[in-house]
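See structure below.
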Amino acid sequence: MTQQQVTIDGNEAAAYVAHKTNEVIAIYPITPSSPMGEWADQWSTRKQSNIWGTVPLIAEMQAEGGAAGAVHGALQTGALTTTFTASQGLLLMIPNMYKIAGELTSTVFHIAARSIAAQALSIFGDHSDVMAARSTGWGMLFANSVQEVMDMALISQASTLKARVPFLHIFDGFRTSHEIMKVEKLSIDTIRALIDDDAVRAHRARGLSPDRPVMRGTAQNPDVFFQARETVNPYYLATPEIVQTAMDQFAELTGRQYKLFDYVGAEDAERVVVLMGSGCETVEETINYMVAQGEKVGMVKIRLYRPFSAKDFVGALPTTVKSIAALDRTKEPGSSGEPLYLDIMSTLTELFMDGKLPMPNLPKVVGGRYGLSSKEFTPAMVKSIFDNLSQDSPKNHFTVGIIDDVTNTHLEYDSGFDIEADDVVRAMFWGLGADGTVGANKNSIKIIGEETSNYAQGYFVYDSKKSGARTISHLRFGPRPIRSTYLINQANFIAVHQFGFLTKYSVLANAAQGATFLLNSSYGPDEVWKYLPRSIQETIIEKELKLYVIDAYAVAKQIKLGVRINTIMQTCFFAISGVLPQDEAIAKIKEAIKKTYGKRGEIIVQQNYDAVDASLAHLYQVETPAQSSSTIELSDPVSSAAPDFVKQVTAEMIAGRGDMLPVSALPIDGSYPTGTTQWEKRNLALEIPVWDEDICIQCGKCVMVCPHSVIRSKIYDEIKLTDAPEGFKSTSARWKGLKDQKYTLQVAAEDCTGCQLCVEVCPVKNKKNVSRRAINMESQAPLLEQERANWDYFLTLPDMPTTPDPLSFTNVKNVQLLQPLFEFSGACAGCGETPYLKLMSQLFGDRTIIANATGCSSIYGGNLPTTPWAKNSDGRGPAWSNSLFEDNAEFGMGMRLTVDKQTEYARELLSRANSSVNSDLRDAILQADLSTQEAIDAQRERVEQLKAQIADSDDPMMKDLYSLADMLVKKTVWIVGGDGWAYDIGYGGLDHVLASGRNVNVLVLDTEVYSNTGGQASKATPLGAVAKFAMGGKAMPKKDLGMIAMSYGNIYVAQIAMGANDAQTIKAFLEAEAYDGPSLIIAYSQCIAHGIDMAKGMNQQKLAVQSGHWPLYRFNPSLLDTEKGPFNLDCRKPSVPLAKYHNNENRFRMLTQTDPLAAKTYLKQAQKIALARWEKYERLSKQWE
Amino acid sequence: MDLTTTYLGMPLKNPLVPSASPLSESVESIKMLEDAGASAVVMYSLFEEQITLQNQQLDHYLSYKTDSSAEALGYFPDMDLYKIGPEAYLDLISKAKSAVDIPIIGSLNGVSTGGWIQYAKGIEQAGASALELNIYYIPTDIGMTSADVEQMYLNIVKDVKSNVSIPVAVKISPYFSSTANMVAQLAEVGADGLVLFNRFYQPDFDLDNLDVFPHLVLSTPYTFRLPLRWTAILNGRVDADLAITSGVHTYQEVLKGMMAGAKITMVASELLRNGLGRINEIMGNVRRWMEENEYESITQMQGSMSQQNVSEPAAFERANYMKVLNAWRPDPTGHFSISQRLGVPSSKN
């Protein structure tokens, strides 16, 4: 049968088959499997049917556990059902997986295999997750490439229906799930031919039905459980043959023959490696090379890992084999070996003991770990494994790809070992997320893959920052299928789309001799040379690189494309790489533009056409001198003032050299120093805010809203200005009682992202020119040197003013003076979440423990290399941890339990302390009221005295007291997460923790969507908003989480929106923290997933409140018995039509552009709901009047 | 009583036509306008600039932050189709055309030459009986001469006329150095009708927030004076139908407009303020007035008080203006109503 060629990634390939062969699909987002659910949802929304002509039903669940439950239910009632997941998601499915297998139920789960969080979370690929599911009794079929994903998805589906054993269809997260490859798309006929309808009907007939009732899920006693458990054995024994039959049938249909264990290599191989997953591709490429060199090496690719067929495995091995390396992409600490190693050992020894081994001697078997968390696995490493197998005593339990200088497990390898053929075009592109580089490259791959006979591969590497994110694209094109499942090492084309990268990264480190180097530069061909760093000049000369420049930003500006230089750079790539004849390439680019942008309007298509046409005229080859002349050096990743750990470890990660850090450099238990973002100066902003001290009223609003804590203010004695650098701005403080003091508002120019929230929120307008505020955006570059000096000096000023009376930090004006202990995070420019976290850190940071749910806030809050939670000058600051996505409330409650218990024990110890502690001090500590900051500060001093008194005590009781004394100072626990956590996956736990009565503070950063995974709908998503998994607009209204919590009566609840009422926001934080019980703050957080102008985020918050979308209120149970009553409605009746709020946001506008009738209906309903909700709250507020 | 008139070659049952406004944003409301007695409907304007803006906005937000993060390759689902071009507008014309019997007049505000032509053709193909070019243009470029501005108007009309075969009316502003000459030139290059005048939304200042904000003020009967004057001046002197828009609130403006020489009068603010029932009320009053004053038909009065036909042609010229100014005194009540001062009958039904 003829198969269509498509250029797609692994997720799309899996989702395609899954959607075609199922009736019900339960989904939940988790990286890197989310796109499979998104594809399925998209196809069903577009009414695309499965092979039986019916559109699969898609249901988004609240968690992977929920998805597994729904799948189990659907399967038990006879529907063909599937799901997609990875990592922690798979772990959450395991309980159901035991049941599904125990009940011999046909299904396939498609898994983009990913690391499991241990010492840290990692979103990247390895087999830790699927290996944790080995004991569930599921078949495990591995696909090693995008083509194989499509093929194995079908083979596993066909097999499970026959075998009744459920299957995990596994491929490597990112390396395969996100790699774009040219593949043959399976036709509907092929799929139909392989799926046996009788088996489908048999599956359906096994479904529970009142028309033929049976019961499953019984409880069994010791008398029969064991025997019943053994009833399934014949099915497992039969499965390998069923799978092989499906593979053979598949080969007849497509010409691609798979075996349960595929052998590749020399027929007389003596050294063999065994593995599964994408690494097989690299091993195969290496083996082909080595065999051609006369080496006796080979590989067994495991396709069907479970049920493991010993017979077939041994049958695949050449009888000449002398040594075997079993490669596991997982780690089982404390085991006698990783899973595959143990399987092979037991298989061979069993056969050997039974005398059934086909080879004369038992081969030597070693096990090794590779590729954890998408660690590179290259031909050089493969060669080192074969070299190891050549040894008389090969290293066992080795690692490859890292330097393990602690337990010395690693194999050495020659990083210069390169086997890629010369006729493969290898192109690397350095870009920014914002400039569209990756999108353009995806287009290029499609053009080359689908329009030429070349094979094409694309893989994309992103950094973990959400603002100013760097991307590196790796593209290969060649005449043969590409098996290089590793990053490009020797590039014959390198494009650098951001000139600033030249001084930050070794962008030409991977340039091959004679490569082409395309640079986006505002300097023309005649002058660019002198602006290149020395190392770049030297590499160009030494490697004889051909240098081309284009001022892509100038071209983009000319044709009104803003910062999107993607089309321009793509055109230049085609023009000079020679992959296609220029005219043909341009015609193809234009076709691709029409395809990509056609839906967005003619004008957009035309603009991109203009970009194509304008690019070539602005592209120049540069004549390069024979000698380097530059004195420009690569910048240091961190300041020289940074602590040693930051300089030695963090800086290496920033510079992109983290792969070279040895094991000994890294903390053993995942504990890292806080406050490291201060050392990484990212210089992202083209424009920064500049303070106009003459008109500033010192209100503090700009300081409060700054998402990156780059705007700070201090009040200090005038004398401090003596040493200030020239140009340091200062003015008289506008504070009662502090008028003789000076005030400075300072911007951290190198840490600012240029979001402009500060300017938008500034209430002051210049009387001579109302377009000017008290803070205005100006170009960063000319100000940089001055502002760097100003910032450094500003940091030396005292954090707190000297005041006759302590300032009360209950209003915006005073709060601005508190040091933020959350700074310079990698969050998006204009992030709506981070101002709340910063505020929390200002108010309580020095005594806070944070439990942070997985999501945006755990990524910008805790993703290496640098993290934003910081310390004050006393060394105190938030202690932060992330457990999981689903358990965050419980995790935080555990922290609270520790605080409560240890505080109680410390008090007990102190009360028992008679002679060692001064009794006045003891009584003062035990009786202290800790309700104010001043009281807490005083207690802290008393505790220091206490510690001094008992420091040298030999009394075990006093030693215990010493170790717990800090607990006598108030600690506060904040449980932080997004709406995906609070409304969906963590809701059950959150409800329980809130109901526990424990003194925890919950902060829900409500973006009304799963932001971190790319905008999937949550139960916080409002009615009518378009999101992934809600393409037709969310059909149900947002859950009223606050109202549910209030129904308990003893939970402090506040709904806040800083942009609408900053004073209420501060009040809510203070009250929540002060309340001796559970507190819940639900904070409106604008997000890029709303599709708004982020600079106007605070104005949009105001509209959210004025339109009734987001009523502000506080429910304080401590006021229950007061005249005032507990419920404060902090906003007026909706005064603005909801449509005005909706119209500013792409998530609502999109529906008016795709389904205007639905949009209108939803808007009407939403308006009604908004008014009704406000009235409900109003009644509540009047209840106590 | 014959209330019929012809406009752009189309016979209309009466001279009251709802002008471009939100009232024509759905088939239902267009049907309601017909039921209320409207003799034709001018659709709300298709703004090329708005389409461009929507396209760019959509593209921006769909592209923003895509392929920037390993965990989120994009933030919005990929939809099949976006109705962000002129399709929705053209579809409405088609549907309105088949839902009502009265003529549907499309209205277009373009930016580029390509846009004017493409959308004009689209409106014709969608079934509009005629097209009104709503040239809503404020020349703020100090390097642009009045001749440049005029030429731009003429080019648009020429371009559109050479690409469509339905009648084309041009809605212009009163801000020309020589309105009469401009109108004559427009008629010369092919305009079948002139609609007098476009009212621009004038921005206002918010003193509390020191902001500029667009201020939509519905018309008042007084705004009728300007088109009335120019209709009277131009009637019989240009080869194009004249239509009066702005300030039509009562039967009196309809009658005056006809007498000045307009083929139709257009109404919007009055309907927005007081409901569609006003069409029947106004036309009922027109009929009553005509009966009382023994007029037989609308055509009979059309142009009867144009500048060419009044005994005092200078009444439309500057001398009159001077006289009016001299007649003005501050009203002690604070209402600066010149009409009241001059004893002009109040504009009530």
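Labeling convention for the structure tokens: chains A, B, ... as they appear, residues from 1 per chain, ligands from 1 in order of appearance.
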Up to 8 Å from chain A, what residues of chain B turn up? Count only C-alpha atoms and give them as an NGL selection string.
:B and (52 or 55-56 or 58-59 or 61-85 or 210)
Contacts of range 237-243 of chain A at 6 Å (only C-alpha atoms; same-chain gap of 3+ positions) as a count of residues only:
4
From a DSSP pass on the backbone, collect the residues of range 510-663 of chain A flagged as strand (DSSP E or B) and hand them back as a list of chain:residue names.
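Everything in range 510-663 of chain A that counts as strand (DSSP E or B) is A:Ala511, A:Ala512, A:Gln513, A:Gly514, A:Ala515, A:Thr516, A:Phe517, A:Leu518, A:Leu519, A:Asn520, A:Lys546, A:Leu547, A:Tyr548, A:Val549, A:Ile550, A:Tyr620, A:Gln621, A:Val622.
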Please provide as a CSV table (one decimal) with C-alpha atoms, in the first residue's frame all residues within 7 Å of range 190-193 of chain A, with the sequence filter that same-chain residues fewer than 4 positions apart are discarded (counting only C-alpha atoms).
```csv
chain,number,residue,atom,x,y,z
A,51,ILE,CA,-11.2,4.1,11.4
A,154,LEU,CA,-0.4,0.3,15.7
A,186,LEU,CA,0.2,4.8,7.9
A,253,LEU,CA,1.6,-4.2,4.6
```
I'd like the contact shell of range 239-242 of chain B - 6 Å cut-off, only C-alpha atoms, skipping same-chain residues fewer than 4 positions apart - returned as number ranges by chain.
B: 187, 192-194, 262-263
For a test of reading the model, state the distance in Å between CA of Lys838 in chain A and CA of Phe822 in chain A, rounded to one decimal.
5.2 Å
Would you kindly return, as a PDB file with N, CA and C atoms, in the first residue's frame, each protein, DNA or RNA residue with an atom no farther than 9 Å from any atom of Met893 in chain A, considering only C-alpha atoms and excluding same-chain residues fewer than 5 positions away?
```
ATOM      1  N   ALA A 851       5.966  25.475  50.391  1.00  0.00           N
ATOM      2  CA  ALA A 851       5.707  24.241  49.628  1.00  0.00           C
ATOM      3  C   ALA A 851       5.162  24.702  48.290  1.00  0.00           C
ATOM      4  N   ASN A 888       0.804  19.036  46.847  1.00  0.00           N
ATOM      5  CA  ASN A 888       1.443  20.206  47.435  1.00  0.00           C
ATOM      6  C   ASN A 888       0.807  20.654  48.747  1.00  0.00           C
ATOM      7  N   THR A 898       5.538  19.709  61.294  1.00  0.00           N
ATOM      8  CA  THR A 898       6.878  19.785  61.887  1.00  0.00           C
ATOM      9  C   THR A 898       7.009  21.039  62.733  1.00  0.00           C
ATOM     10  N   VAL A 973       4.022  28.950  57.181  1.00  0.00           N
ATOM     11  CA  VAL A 973       4.088  28.006  56.058  1.00  0.00           C
ATOM     12  C   VAL A 973       3.189  28.514  54.939  1.00  0.00           C
ATOM     13  N   ILE A 975       1.769  27.636  51.184  1.00  0.00           N
ATOM     14  CA  ILE A 975       1.558  26.575  50.196  1.00  0.00           C
ATOM     15  C   ILE A 975       1.176  27.278  48.902  1.00  0.00           C
ATOM     16  N   VAL A 993      -6.521  19.639  53.603  1.00  0.00           N
ATOM     17  CA  VAL A 993      -5.607  20.460  54.403  1.00  0.00           C
ATOM     18  C   VAL A 993      -6.338  21.685  54.949  1.00  0.00           C
ATOM     19  N   SER A 996      -8.350  20.806  57.787  1.00  0.00           N
ATOM     20  CA  SER A 996      -7.638  20.280  58.957  1.00  0.00           C
ATOM     21  C   SER A 996      -7.576  21.275  60.102  1.00  0.00           C
ATOM     22  N   ARG A 998      -5.317  23.407  60.459  1.00  0.00           N
ATOM     23  CA  ARG A 998      -3.907  23.760  60.710  1.00  0.00           C
ATOM     24  C   ARG A 998      -3.584  25.142  60.163  1.00  0.00           C
ATOM     25  N   ASN A 999      -2.612  25.767  60.766  1.00  0.00           N
ATOM     26  CA  ASN A 999      -2.269  27.142  60.389  1.00  0.00           C
ATOM     27  C   ASN A 999      -1.353  27.155  59.159  1.00  0.00           C
ATOM     28  N   VAL A1000      -1.962  26.930  58.025  1.00  0.00           N
ATOM     29  CA  VAL A1000      -1.202  27.032  56.776  1.00  0.00           C
ATOM     30  C   VAL A1000      -1.807  28.141  55.936  1.00  0.00           C
TER      31      VAL A1000
END
```
Write out as a list in words each polymer residue whose atoms come within 8 Å of range 285-294 of chain B, counting only C-alpha atoms; drop sequence neighbours fewer than 6 positions from it.
Met1, Leu3, Tyr251, Gln252, Val254, Leu255 and Asn349 of chain B
Could you take the residues named above and write them with N, CA and C atoms, as a tab-separated table (two decimals), in the first residue's frame?
```
chain	number	residue	atom	x	y	z
B	1	MET	N	-51.00	59.78	-1.55
B	1	MET	CA	-49.74	60.45	-1.18
B	1	MET	C	-48.56	59.60	-1.66
B	3	LEU	N	-44.91	58.85	-1.43
B	3	LEU	CA	-43.70	59.10	-0.62
B	3	LEU	C	-42.45	58.54	-1.29
B	251	TYR	N	-39.56	64.51	11.51
B	251	TYR	CA	-40.12	64.65	10.16
B	251	TYR	C	-39.64	65.94	9.51
B	252	GLN	N	-39.35	66.93	10.35
B	252	GLN	CA	-38.99	68.23	9.78
B	252	GLN	C	-37.69	68.14	8.99
B	254	VAL	N	-36.55	65.52	7.52
B	254	VAL	CA	-36.81	64.79	6.28
B	254	VAL	C	-37.36	65.76	5.23
B	255	LEU	N	-38.35	66.52	5.65
B	255	LEU	CA	-38.97	67.46	4.70
B	255	LEU	C	-37.97	68.51	4.22
B	349	ASN	N	-41.09	66.46	16.70
B	349	ASN	CA	-42.00	65.76	15.80
B	349	ASN	C	-42.67	66.67	14.79
```
Given only C-alpha atoms as the basis, pick out the residue of A:Tyr962, A:Trp529, A:Tyr1084, A:Trp43 nearest to Val55 in chain A.
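For Val55 in chain A, the nearest of the candidates is A:Trp43.
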Which of these, A:Leu897, A:Ala774, A:Leu864, A:Ala120, has the shortest distance to Cys696 in chain A once you count only C-alpha atoms?
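Checking each of A:Leu897, A:Ala774, A:Leu864, A:Ala120 against Cys696 in chain A, counting only C-alpha atoms, the winner is A:Ala774.
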Using only C-alpha atoms, which of the listed residues (A:Val17, A:Leu508, A:Ala1166, A:Leu487) sits closest to Met36 in chain A?
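Selected residue with least distance to Met36 in chain A: A:Val17.
Taking CA of Ile155 in chain A and CA of Thr231 in chain A as the two end points, the separation is 25.2 Å.
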Which neighbours of Ser1079 in chain A fall inside 8 Å, counting only C-alpha atoms, when residues of the same chain fewer than 6 positions from it are skipped, and could you give them as a PyMOL selection string?
chain A and resi 994+999-1002+1051-1053+1072-1073
When distances are computed from only C-alpha atoms, which of B:Gln125, B:Ser246, B:Gln54, B:Ser26 shows the smallest separation from Lys95 in chain B?
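Looking at the shortest contact to Lys95 in chain B, the residue is B:Ser26.
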Suppose you want the space between CA of Ile287 in chain A and CA of Lys182 in chain A; what is it in Å?
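For CA of Ile287 in chain A relative to CA of Lys182 in chain A, the distance reads 22.8 Å.
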